[in-house]
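File shown here: protein.cif, holding mmCIF, C-alpha atoms.
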```
data_upload
loop_
_atom_site.label_atom_id
_atom_site.label_comp_id
_atom_site.auth_asym_id
_atom_site.auth_seq_id
_atom_site.Cartn_x
_atom_site.Cartn_y
_atom_site.Cartn_z
CA MET A 1 60.90 48.13 132.15
CA VAL A 2 60.51 48.87 128.43
CA CYS A 3 63.32 51.42 128.55
CA ALA A 4 65.69 48.92 130.19
CA ALA A 5 64.78 46.21 127.68
CA LEU A 6 65.41 48.62 124.79
CA ALA A 7 68.85 49.43 126.24
CA ARG A 8 69.64 45.70 126.41
CA GLU A 9 68.39 45.21 122.87
CA GLN A 10 70.89 47.87 121.78
CA GLY A 11 73.66 45.83 123.38
CA PHE A 12 74.10 47.71 126.65
CA GLU A 13 74.65 46.06 130.01
CA VAL A 14 72.05 47.57 132.33
CA PHE A 15 72.98 49.06 135.70
CA ALA A 16 69.55 49.85 137.15
CA LEU A 17 69.02 52.63 139.68
CA THR A 18 65.87 52.89 141.77
CA ILE A 19 65.31 55.77 144.18
CA ASP A 20 63.39 55.01 147.34
CA TYR A 21 62.33 58.64 147.85
CA GLY A 22 59.39 58.26 150.17
CA GLN A 23 56.94 57.99 147.28
CA ARG A 24 53.35 57.20 148.16
CA HIS A 25 53.46 54.32 145.66
CA ARG A 26 56.47 52.75 147.30
CA VAL A 27 55.21 49.38 146.08
CA GLU A 28 56.82 50.30 142.74
CA ILE A 29 60.17 49.41 144.32
CA GLN A 30 59.08 45.75 144.51
CA SER A 31 58.28 45.93 140.80
CA ALA A 32 61.65 47.51 140.12
CA ARG A 33 63.38 44.65 141.93
CA ARG A 34 61.57 42.03 139.85
CA ILE A 35 62.27 43.89 136.62
CA ALA A 36 65.94 44.43 137.46
CA ALA A 37 66.32 40.74 138.32
CA ASN A 38 65.26 39.99 134.73
CA LEU A 39 67.04 42.75 132.86
CA ALA A 40 69.92 44.27 134.84
CA GLU A 41 73.48 43.25 135.65
CA ARG A 42 73.39 45.37 138.78
CA HIS A 43 70.63 47.14 140.67
CA ILE A 44 70.99 49.76 143.38
CA VAL A 45 67.98 50.85 145.43
CA LEU A 46 69.10 54.15 146.93
CA PRO A 47 67.20 55.69 149.86
CA LEU A 48 66.72 59.45 149.54
CA ASP A 49 64.06 61.05 151.71
CA LEU A 50 62.44 63.68 149.50
CA THR A 51 59.59 63.95 152.03
CA ALA A 52 62.04 66.24 153.87
CA PHE A 53 61.20 68.82 151.19
CA GLY A 54 57.56 67.86 150.46
CA GLY A 55 55.66 69.96 147.96
CA SER A 56 54.02 67.07 146.05
CA ALA A 57 51.05 64.73 146.33
CA LEU A 58 53.56 61.88 146.02
CA THR A 59 55.75 62.94 148.95
CA ALA A 60 53.45 64.91 151.27
CA ASP A 61 49.95 64.73 152.69
CA ILE A 62 48.28 66.13 149.56
CA ALA A 63 45.51 64.19 147.78
CA VAL A 64 46.29 62.56 144.41
CA PRO A 65 43.92 64.03 141.75
CA LYS A 66 41.46 61.48 140.35
CA ASP A 67 39.47 63.69 137.99
CA GLY A 68 41.23 62.88 134.74
CA VAL A 69 44.45 63.77 132.91
CA GLY A 70 44.55 67.45 132.01
CA ALA A 71 41.47 68.22 134.09
CA ARG A 72 43.44 70.98 135.84
CA GLY A 73 43.53 73.00 132.63
CA GLU A 74 45.77 73.05 129.58
CA GLY A 75 49.42 73.40 130.47
CA GLY A 76 48.83 73.05 134.20
CA VAL A 77 51.31 70.83 136.01
CA PRO A 78 49.41 68.64 138.53
CA VAL A 79 50.25 68.36 142.23
CA THR A 80 51.72 64.91 141.60
CA TYR A 81 54.74 66.76 140.19
CA VAL A 82 57.65 66.20 142.59
CA PRO A 83 59.86 69.31 142.59
CA ALA A 84 62.95 68.73 140.44
CA ARG A 85 62.57 64.97 140.82
CA ASN A 86 63.93 63.91 137.45
CA THR A 87 66.80 66.37 137.83
CA VAL A 88 67.68 64.64 141.10
CA PHE A 89 67.22 61.15 139.58
CA LEU A 90 69.35 61.87 136.51
CA SER A 91 72.02 63.52 138.69
CA LEU A 92 72.31 60.36 140.75
CA ALA A 93 72.36 58.21 137.61
CA LEU A 94 75.12 60.46 136.28
CA ALA A 95 77.10 60.03 139.50
CA TRP A 96 76.90 56.24 139.29
CA ALA A 97 77.60 56.25 135.55
CA GLU A 98 80.75 58.28 135.94
CA ALA A 99 81.96 56.21 138.89
CA ALA A 100 81.30 52.97 136.96
CA GLY A 101 82.83 54.18 133.69
CA ALA A 102 79.49 54.22 131.82
CA ARG A 103 78.70 56.96 129.30
CA ASP A 104 75.12 56.16 128.33
CA LEU A 105 72.15 56.98 130.57
CA PHE A 106 68.66 55.72 129.81
CA VAL A 107 65.55 57.28 131.31
CA GLY A 108 61.99 56.15 130.66
CA VAL A 109 60.31 59.53 130.49
CA ASN A 110 57.45 60.03 128.07
CA ALA A 111 56.26 63.39 126.76
CA LEU A 112 53.26 62.39 124.69
CA ASP A 113 50.72 60.58 126.89
CA TYR A 114 51.81 62.21 130.14
CA SER A 115 50.78 64.66 132.83
CA GLY A 116 52.68 67.68 131.53
CA TYR A 117 55.63 67.38 133.91
CA PRO A 118 58.35 69.81 132.81
CA ASP A 119 61.09 67.30 133.60
CA CYS A 120 59.81 64.80 131.02
CA ARG A 121 60.17 67.11 128.04
CA PRO A 122 62.87 66.90 125.34
CA GLU A 123 64.22 70.35 126.26
CA PHE A 124 64.86 69.12 129.79
CA ILE A 125 66.74 66.06 128.54
CA ALA A 126 68.82 68.29 126.23
CA ALA A 127 69.64 70.69 129.09
CA PHE A 128 70.66 67.77 131.31
CA GLN A 129 72.97 66.41 128.64
CA ALA A 130 74.65 69.82 128.38
CA LEU A 131 75.04 69.91 132.16
CA ALA A 132 76.46 66.37 132.29
CA ASP A 133 79.26 67.39 129.98
CA LYS A 134 80.13 70.47 132.07
CA GLY A 135 79.73 69.01 135.54
CA THR A 136 81.80 65.83 135.34
CA ARG A 137 85.45 64.90 134.99
CA ALA A 138 84.63 62.62 132.06
CA GLY A 139 82.64 65.34 130.30
CA SER A 140 85.30 67.99 130.89
CA GLU A 141 87.89 65.62 129.45
CA GLY A 142 85.87 65.22 126.26
CA GLN A 143 84.27 61.85 127.02
CA GLY A 144 80.74 63.13 127.04
CA PHE A 145 77.58 61.40 128.19
CA THR A 146 74.55 60.50 126.09
CA ILE A 147 71.12 60.71 127.69
CA HIS A 148 68.77 58.29 125.95
CA ALA A 149 65.02 58.73 126.38
CA PRO A 150 63.71 56.08 123.98
CA LEU A 151 60.07 56.36 125.12
CA GLN A 152 59.93 60.11 124.81
CA HIS A 153 58.11 60.25 121.51
CA LEU A 154 56.05 57.06 121.85
CA THR A 155 52.38 56.99 122.74
CA LYS A 156 51.41 54.77 125.66
CA ALA A 157 49.89 52.39 123.09
CA ASN A 158 53.21 52.11 121.31
CA ILE A 159 55.01 51.58 124.63
CA ALA A 160 52.57 48.71 125.36
CA ARG A 161 53.28 47.29 121.88
CA GLU A 162 57.03 47.54 122.52
CA ALA A 163 56.59 45.63 125.78
CA ALA A 164 54.78 42.85 123.88
CA ARG A 165 57.38 42.80 121.10
CA LEU A 166 60.19 42.53 123.66
CA GLY A 167 58.47 39.65 125.45
CA LEU A 168 58.00 41.59 128.67
CA ASP A 169 55.30 40.90 131.23
CA PRO A 170 53.45 44.16 131.99
CA ALA A 171 51.85 42.50 135.01
CA ILE A 172 55.10 42.90 136.98
CA SER A 173 55.32 46.63 136.28
CA HIS A 174 53.59 49.30 138.36
CA SER A 175 52.21 52.72 137.42
CA CYS A 176 49.57 53.77 139.99
CA TYR A 177 50.36 56.81 142.16
CA ASP A 178 47.91 55.89 144.88
CA PRO A 179 47.75 52.13 145.30
CA ALA A 180 45.73 50.33 147.95
CA PRO A 181 47.61 48.86 150.90
CA ASP A 182 47.72 45.53 149.02
CA GLY A 183 49.39 47.23 146.03
CA GLY A 184 46.31 47.19 143.81
CA ALA A 185 46.00 50.10 141.37
CA CYS A 186 43.40 52.82 142.06
CA GLY A 187 42.27 53.07 138.43
CA ASP A 188 41.59 56.81 138.60
CA CYS A 189 44.90 58.67 138.97
CA ASP A 190 46.67 60.03 135.87
CA ALA A 191 49.14 57.14 135.86
CA CYS A 192 46.33 54.55 135.90
CA ARG A 193 44.32 56.37 133.24
CA LEU A 194 47.28 56.73 130.89
CA ARG A 195 48.29 53.10 131.39
CA GLU A 196 44.78 51.80 130.75
CA LYS A 197 44.46 53.99 127.64
CA GLY A 198 47.72 52.56 126.32
CA PHE A 199 46.65 48.93 126.50
CA ALA A 200 43.18 49.76 125.15
CA GLU A 201 44.50 51.73 122.16
CA ALA A 202 47.05 49.02 121.42
CA GLY A 203 44.36 46.34 121.57
CA LEU A 204 46.44 44.43 124.08
CA PRO A 205 45.26 42.72 127.26
CA ASP A 206 45.70 44.78 130.43
CA ALA A 207 46.84 42.53 133.28
CA THR A 208 46.92 45.40 135.79
CA ARG A 209 45.64 44.28 139.16
CA TYR A 210 43.17 46.86 140.41
CA ALA A 211 42.26 47.43 144.06
CA ALA A 212 38.95 45.97 145.17
CA GLN A 213 36.35 48.75 144.98
CA MET B 1 79.84 79.78 155.93
CA VAL B 2 80.97 82.87 154.01
CA CYS B 3 78.50 82.12 151.21
CA ALA B 4 75.59 81.85 153.66
CA ALA B 5 76.60 85.08 155.40
CA LEU B 6 76.79 86.88 152.05
CA ALA B 7 73.27 85.66 151.21
CA ARG B 8 72.02 87.03 154.53
CA GLU B 9 73.82 90.30 153.95
CA GLN B 10 71.89 90.58 150.65
CA GLY B 11 68.66 90.24 152.62
CA PHE B 12 67.87 86.57 151.99
CA GLU B 13 66.53 84.19 154.61
CA VAL B 14 68.84 81.18 154.53
CA PHE B 15 67.51 77.63 154.21
CA ALA B 16 70.69 75.59 154.63
CA LEU B 17 71.09 72.14 153.10
CA THR B 18 73.82 69.75 154.18
CA ILE B 19 74.28 66.36 152.50
CA ASP B 20 75.51 63.53 154.69
CA TYR B 21 76.88 61.55 151.74
CA GLY B 22 79.30 59.21 153.44
CA GLN B 23 82.16 61.67 153.10
CA ARG B 24 85.43 60.75 154.77
CA HIS B 25 85.42 64.16 156.49
CA ARG B 26 81.98 63.62 157.96
CA VAL B 27 83.05 65.87 160.84
CA GLU B 28 82.18 68.77 158.51
CA ILE B 29 78.52 68.08 159.30
CA GLN B 30 79.11 69.18 162.90
CA SER B 31 80.56 72.41 161.54
CA ALA B 32 77.58 72.83 159.25
CA ARG B 33 75.22 72.47 162.22
CA ARG B 34 77.05 75.16 164.18
CA ILE B 35 77.17 77.49 161.19
CA ALA B 36 73.50 76.95 160.34
CA ALA B 37 72.53 77.63 163.95
CA ASN B 38 74.12 81.07 163.55
CA LEU B 39 73.05 81.95 160.02
CA ALA B 40 70.06 79.89 158.84
CA GLU B 41 66.30 79.97 159.43
CA ARG B 42 66.10 76.28 158.63
CA HIS B 43 68.67 73.53 158.21
CA ILE B 44 68.15 70.09 156.69
CA VAL B 45 70.86 67.44 156.97
CA LEU B 46 69.89 64.93 154.30
CA PRO B 47 71.42 61.42 154.29
CA LEU B 48 72.40 60.22 150.81
CA ASP B 49 74.79 57.30 150.61
CA LEU B 50 77.10 58.12 147.70
CA THR B 51 79.46 55.36 148.87
CA ALA B 52 77.01 53.08 146.99
CA PHE B 53 78.61 54.45 143.81
CA GLY B 54 82.18 55.03 145.08
CA GLY B 55 84.76 56.29 142.61
CA SER B 56 86.34 58.95 144.85
CA ALA B 57 88.91 59.24 147.63
CA LEU B 58 86.18 60.93 149.68
CA THR B 59 83.64 58.08 149.37
CA ALA B 60 85.70 54.93 148.82
CA ASP B 61 88.85 53.28 150.13
CA ILE B 62 91.19 55.41 148.01
CA ALA B 63 94.00 57.48 149.63
CA VAL B 64 93.64 61.27 149.77
CA PRO B 65 96.60 62.85 147.89
CA LYS B 66 98.96 64.81 150.16
CA ASP B 67 101.60 65.89 147.65
CA GLY B 68 100.37 69.39 146.91
CA VAL B 69 97.67 71.11 144.86
CA GLY B 70 98.17 70.54 141.15
CA ALA B 71 100.89 67.95 141.76
CA ARG B 72 98.97 65.55 139.49
CA GLY B 73 99.73 67.75 136.49
CA GLU B 74 98.13 70.80 134.96
CA GLY B 75 94.43 70.31 134.33
CA GLY B 76 94.27 66.92 136.04
CA VAL B 77 91.25 66.39 138.29
CA PRO B 78 92.38 64.70 141.53
CA VAL B 79 90.86 61.50 142.97
CA THR B 80 89.13 63.58 145.65
CA TYR B 81 86.65 64.53 142.90
CA VAL B 82 83.31 62.89 143.76
CA PRO B 83 81.53 61.97 140.50
CA ALA B 84 78.82 64.54 139.71
CA ARG B 85 78.67 65.59 143.35
CA ASN B 86 77.83 69.24 142.88
CA THR B 87 75.24 68.31 140.24
CA VAL B 88 73.59 66.08 142.84
CA PHE B 89 73.90 68.74 145.57
CA LEU B 90 72.44 71.53 143.42
CA SER B 91 69.64 69.24 142.22
CA LEU B 92 68.62 68.59 145.81
CA ALA B 93 68.87 72.29 146.64
CA LEU B 94 66.68 72.99 143.61
CA ALA B 95 64.11 70.43 144.79
CA TRP B 96 63.91 72.06 148.23
CA ALA B 97 63.89 75.57 146.75
CA GLU B 98 60.98 74.82 144.45
CA ALA B 99 59.03 73.05 147.21
CA ALA B 100 59.63 75.97 149.59
CA GLY B 101 58.89 78.71 147.03
CA ALA B 102 62.47 79.98 146.92
CA ARG B 103 64.01 81.15 143.64
CA ASP B 104 67.59 81.91 144.67
CA LEU B 105 70.19 79.19 145.26
CA PHE B 106 73.59 79.95 146.77
CA VAL B 107 76.54 77.60 146.45
CA GLY B 108 80.01 78.21 147.89
CA VAL B 109 82.09 76.87 145.02
CA ASN B 110 85.38 78.55 144.22
CA ALA B 111 87.18 78.32 140.88
CA LEU B 112 90.36 80.25 141.60
CA ASP B 113 92.23 78.63 144.49
CA TYR B 114 90.79 75.14 143.97
CA SER B 115 91.60 71.61 142.88
CA GLY B 116 90.32 71.88 139.31
CA TYR B 117 86.99 70.15 139.90
CA PRO B 118 84.81 70.56 136.80
CA ASP B 119 81.69 71.14 138.89
CA CYS B 120 83.11 74.29 140.50
CA ARG B 121 83.57 76.18 137.22
CA PRO B 122 81.40 79.06 135.97
CA GLU B 123 80.32 77.06 132.89
CA PHE B 124 78.90 74.37 135.18
CA ILE B 125 76.94 76.92 137.18
CA ALA B 126 75.58 78.43 133.96
CA ALA B 127 74.56 74.99 132.64
CA PHE B 128 72.82 74.20 135.92
CA GLN B 129 70.89 77.44 135.80
CA ALA B 130 69.69 76.59 132.26
CA LEU B 131 68.65 73.14 133.49
CA ALA B 132 66.81 74.54 136.52
CA ASP B 133 64.61 76.61 134.26
CA LYS B 134 63.77 73.61 132.02
CA GLY B 135 63.35 70.95 134.68
CA THR B 136 60.99 72.60 137.15
CA ARG B 137 57.37 73.72 137.22
CA ALA B 138 58.42 77.18 138.41
CA GLY B 139 61.01 77.50 135.65
CA SER B 140 58.64 76.27 132.95
CA GLU B 141 56.07 78.82 134.14
CA GLY B 142 58.57 81.64 133.73
CA GLN B 143 59.59 82.03 137.38
CA GLY B 144 63.19 81.11 136.84
CA PHE B 145 65.86 80.33 139.39
CA THR B 146 69.07 82.24 140.00
CA ILE B 147 72.16 80.28 141.00
CA HIS B 148 74.48 82.51 143.01
CA ALA B 149 78.12 81.51 143.43
CA PRO B 150 79.50 84.56 145.23
CA LEU B 151 82.88 82.98 146.04
CA GLN B 152 83.53 81.81 142.52
CA HIS B 153 85.93 84.57 141.53
CA LEU B 154 87.48 85.23 144.94
CA THR B 155 90.90 84.01 145.99
CA LYS B 156 91.06 82.06 149.24
CA ALA B 157 92.73 85.14 150.77
CA ASN B 158 89.75 87.26 149.79
CA ILE B 159 87.34 84.65 151.15
CA ALA B 160 89.24 84.79 154.47
CA ARG B 161 89.00 88.60 154.37
CA GLU B 162 85.26 88.38 153.72
CA ALA B 163 84.87 86.07 156.72
CA ALA B 164 86.63 88.66 158.90
CA ARG B 165 84.58 91.54 157.48
CA LEU B 166 81.35 89.62 158.13
CA GLY B 167 82.37 88.90 161.74
CA LEU B 168 82.48 85.13 161.19
CA ASP B 169 84.57 82.73 163.24
CA PRO B 170 86.64 80.56 160.87
CA ALA B 171 87.46 78.23 163.76
CA ILE B 172 83.99 76.67 163.52
CA SER B 173 84.36 75.91 159.80
CA HIS B 174 85.99 72.76 158.43
CA SER B 175 87.93 72.16 155.21
CA CYS B 176 90.18 69.07 155.65
CA TYR B 177 89.40 66.02 153.50
CA ASP B 178 91.18 63.57 155.77
CA PRO B 179 90.80 64.63 159.39
CA ALA B 180 92.08 62.65 162.35
CA PRO B 181 89.52 60.73 164.42
CA ASP B 182 89.37 63.75 166.78
CA GLY B 183 88.47 66.03 163.82
CA GLY B 184 91.87 67.70 163.63
CA ALA B 185 92.96 68.79 160.14
CA CYS B 186 95.71 66.80 158.36
CA GLY B 187 97.50 69.90 157.04
CA ASP B 188 98.58 68.21 153.80
CA CYS B 189 95.51 67.57 151.63
CA ASP B 190 94.51 70.09 148.96
CA ALA B 191 91.74 71.51 151.15
CA CYS B 192 94.14 72.13 154.04
CA ARG B 193 96.82 73.63 151.79
CA LEU B 194 94.39 76.01 150.08
CA ARG B 195 92.88 77.06 153.41
CA GLU B 196 96.27 77.72 154.99
CA LYS B 197 97.41 79.69 151.93
CA GLY B 198 94.27 81.84 152.18
CA PHE B 199 94.84 82.95 155.75
CA ALA B 200 98.56 83.44 155.13
CA GLU B 201 98.07 85.59 152.02
CA ALA B 202 95.37 87.62 153.77
CA GLY B 203 97.65 88.20 156.75
CA LEU B 204 94.93 86.86 159.03
CA PRO B 205 95.30 84.46 161.96
CA ASP B 206 94.57 80.81 161.13
CA ALA B 207 92.68 79.21 164.00
CA THR B 208 92.47 75.82 162.27
CA ARG B 209 93.00 72.99 164.73
CA TYR B 210 95.50 70.55 163.26
CA ALA B 211 95.79 66.89 164.24
CA ALA B 212 98.65 66.03 166.59
CA GLN B 213 101.60 64.84 164.45
#
```
Rewrite the structure from the file as structure tokens, please.
Amino acid sequence: MVCAALAREQGFEVFALTIDYGQRHRVEIQSARRIAANLAERHIVLPLDLTAFGGSALTADIAVPKDGVGARGEGGVPVTYVPARNTVFLSLALAWAEAAGARDLFVGVNALDYSGYPDCRPEFIAAFQALADKGTRAGSEGQGFTIHAPLQHLTKANIAREAARLGLDPAISHSCYDPAPDGGACGDCDACRLREKGFAEAGLPDATRYAAQ
Amino acid sequence: MVCAALAREQGFEVFALTIDYGQRHRVEIQSARRIAANLAERHIVLPLDLTAFGGSALTADIAVPKDGVGARGEGGVPVTYVPARNTVFLSLALAWAEAAGARDLFVGVNALDYSGYPDCRPEFIAAFQALADKGTRAGSEGQGFTIHAPLQHLTKANIAREAARLGLDPAISHSCYDPAPDGGACGDCDACRLREKGFAEAGLPDATRYAAQ
């Protein structure tokens, strides 16, 4: 949501892409629809069944860790990592961008208050940009792509502050990996912990709706 | 088919991935099933509706060129190019590979007798390999991936010769971009012309079933 609003602020028309990949927290797609209705010119929700591959707590029958960010040891990537997920997501965004004549891709990855996922790091974004220019007609003809990751070097607190500055309503966004059937956040997964920390450090109200205990 | 057989010959177990992306020549999926039944331990046919993005003669209502390979001018990429398609395909193969514990990806691209697609060229394969090592847990932990493109520097004639050497039946493979409703090849698209040229130059019989004129 913040990433899309920053793109708009820079003067871009937003074509929003959501992947319905079989994620455990599929309720995030409802949030994406509400956000896109506010911020995007077009929105595609593309089904792609990554449960066919499995290998992650988000796409297979593997428990979501609740013991705290980084509790699995320094540098360890948690089981909520979905194999090559952001590579797949950016590839699809690249496909739509090239087909639509767009040259700027925005992705809301964050590499500061995060779970250590390799495909959120600046070196991944740089490698994808290099690939985009080799693997497309537009890139091979010299009209390269720019991958923007405006949240990459922001803390969660600063992302919360940006949301407030941009007049966004965080209550319509969703972070929790393991929501209750009613969509309420669990409060204990990495995504919940990092989100809560962000609002707290920013001194901003946290309107997140938590699941009844 | 030849690429998969070469992987087997090198001692690999083959996990075959076919993308049902809304391609005009969807009949190729039947071929893929027959080939995988012969050569693969596992086969996933993954639906992914790239017609949502369009932008190609293979995924939108745009005519397939029939006027000869390269007829659009030296270096021009024809409208049968599907935006970022091989980036998307390799990303999905990477996702499955990492989830399954595989480290070797094989892709049957060819950059000699081809239509000039940017995402068949060696520099694309090299850029994808660099990305794979940045964008995955395995890669970031030093267990990098190898992208094999064993057909890349073969002529179509040599690919046909390899098929014969490996005891493969080319009649079960499919190349045509614009087959008749009965699956018969058109004989005039780039894929048909390159295939025909391959068998002719190799002096091998061409069992391709053409559509009734």
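For the structure in this document, the set picked by the PyMOL selection byres ((chain B and resi 57) around 10) is Gln23, Arg24, Gly54, Gly55, Ser56, Leu58, Thr59, Ala60, Asp61, Ile62, Ala63, Val64, Pro65, Pro78, Val79, Thr80, Tyr81, Val82, Tyr177 and Asp178 of chain B.
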Nearest to chain B among A:Ala127, A:Leu105, A:Ala37, A:Ile29, with distances taken over only C-alpha atoms: which residue is it? A:Ala127
Per residue of chain B within 7 Å of chain A, record the nearest atom pair and its distance in Å to one decimal, counting all atoms listed in the file, with rows in chain order and ascending residue number, as JSON lines.
```
{"residue": "B:Pro47", "atom": "CA", "partner": "A:Leu48", "partner_atom": "CA", "distance": 7.0}
{"residue": "B:Leu48", "atom": "CA", "partner": "A:Leu48", "partner_atom": "CA", "distance": 5.9}
{"residue": "B:Phe53", "atom": "CA", "partner": "A:Trp96", "partner_atom": "CA", "distance": 5.2}
{"residue": "B:Gly54", "atom": "CA", "partner": "A:Ala99", "partner_atom": "CA", "distance": 6.3}
{"residue": "B:Gly55", "atom": "CA", "partner": "A:Ala99", "partner_atom": "CA", "distance": 4.7}
{"residue": "B:Val77", "atom": "CA", "partner": "A:Arg137", "partner_atom": "CA", "distance": 6.8}
{"residue": "B:Pro83", "atom": "CA", "partner": "A:Ala95", "partner_atom": "CA", "distance": 4.9}
{"residue": "B:Ala84", "atom": "CA", "partner": "A:Ala95", "partner_atom": "CA", "distance": 4.8}
{"residue": "B:Arg85", "atom": "CA", "partner": "A:Ala95", "partner_atom": "CA", "distance": 6.9}
{"residue": "B:Thr87", "atom": "CA", "partner": "A:Ser91", "partner_atom": "CA", "distance": 6.0}
{"residue": "B:Val88", "atom": "CA", "partner": "A:Ser91", "partner_atom": "CA", "distance": 5.1}
{"residue": "B:Ser91", "atom": "CA", "partner": "A:Val88", "partner_atom": "CA", "distance": 5.1}
{"residue": "B:Leu92", "atom": "CA", "partner": "A:Val88", "partner_atom": "CA", "distance": 6.2}
{"residue": "B:Leu94", "atom": "CA", "partner": "A:Ala84", "partner_atom": "CA", "distance": 6.5}
{"residue": "B:Ala95", "atom": "CA", "partner": "A:Ala84", "partner_atom": "CA", "distance": 4.8}
{"residue": "B:Trp96", "atom": "CA", "partner": "A:Phe53", "partner_atom": "CA", "distance": 5.2}
{"residue": "B:Glu98", "atom": "CA", "partner": "A:Pro83", "partner_atom": "CA", "distance": 5.9}
{"residue": "B:Ala99", "atom": "CA", "partner": "A:Gly55", "partner_atom": "CA", "distance": 4.6}
{"residue": "B:Pro118", "atom": "CA", "partner": "A:Gly135", "partner_atom": "CA", "distance": 5.5}
{"residue": "B:Asp119", "atom": "CA", "partner": "A:Gly135", "partner_atom": "CA", "distance": 4.4}
{"residue": "B:Glu123", "atom": "CA", "partner": "A:Lys134", "partner_atom": "CA", "distance": 6.6}
{"residue": "B:Phe124", "atom": "CA", "partner": "A:Lys134", "partner_atom": "CA", "distance": 5.1}
{"residue": "B:Ala127", "atom": "CA", "partner": "A:Leu131", "partner_atom": "CA", "distance": 5.1}
{"residue": "B:Phe128", "atom": "CA", "partner": "A:Leu131", "partner_atom": "CA", "distance": 6.1}
{"residue": "B:Ala130", "atom": "CA", "partner": "A:Ala127", "partner_atom": "CA", "distance": 6.7}
{"residue": "B:Leu131", "atom": "CA", "partner": "A:Ala127", "partner_atom": "CA", "distance": 5.1}
{"residue": "B:Lys134", "atom": "CA", "partner": "A:Phe124", "partner_atom": "CA", "distance": 5.1}
{"residue": "B:Gly135", "atom": "CA", "partner": "A:Asp119", "partner_atom": "CA", "distance": 4.4}
{"residue": "B:Thr136", "atom": "CA", "partner": "A:Ala84", "partner_atom": "CA", "distance": 5.4}
{"residue": "B:Arg137", "atom": "CA", "partner": "A:Pro118", "partner_atom": "CA", "distance": 6.0}
{"residue": "B:Ser140", "atom": "CA", "partner": "A:Pro118", "partner_atom": "CA", "distance": 6.5}
```
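Selecting by distance to (79.0, 61.9, 125.4) with a limit of 8 Å and using all atoms listed in the file, one obtains Arg103, Asp104, Asp133, Gly139, Gly142, Gln143, Gly144, Phe145 and Thr146 of chain A.
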Quick check, in Å to one decimal: how far apart do atom CA of B:Cys186 and atom CA of B:Gly68 lie? 12.6 Å
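Here atom CA of A:Tyr210 stands at a distance of 25.4 Å from atom CA of A:Leu39.
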If we count all atoms listed in the file and set the cut-off at 10 Å, which residues sit around A:Arg161, ignoring sequence neighbours fewer than 4 positions away in its own chain? Please answer as a list in words. Val2, Thr155, Lys156, Ala157, Arg165, Leu166, Gly167, Gly198, Phe199, Glu201, Ala202, Gly203 and Leu204 of chain A
Could you take the residues named above and write them with C-alpha atoms, as a PDB file, in the coordinates of the input?
```
ATOM      1  CA  VAL A   2      60.510  48.870 128.430  1.00  0.00           C
ATOM      2  CA  THR A 155      52.380  56.990 122.740  1.00  0.00           C
ATOM      3  CA  LYS A 156      51.410  54.770 125.660  1.00  0.00           C
ATOM      4  CA  ALA A 157      49.890  52.390 123.090  1.00  0.00           C
ATOM      5  CA  ARG A 165      57.380  42.800 121.100  1.00  0.00           C
ATOM      6  CA  LEU A 166      60.190  42.530 123.660  1.00  0.00           C
ATOM      7  CA  GLY A 167      58.470  39.650 125.450  1.00  0.00           C
ATOM      8  CA  GLY A 198      47.720  52.560 126.320  1.00  0.00           C
ATOM      9  CA  PHE A 199      46.650  48.930 126.500  1.00  0.00           C
ATOM     10  CA  GLU A 201      44.500  51.730 122.160  1.00  0.00           C
ATOM     11  CA  ALA A 202      47.050  49.020 121.420  1.00  0.00           C
ATOM     12  CA  GLY A 203      44.360  46.340 121.570  1.00  0.00           C
ATOM     13  CA  LEU A 204      46.440  44.430 124.080  1.00  0.00           C
TER      14      LEU A 204
END
```
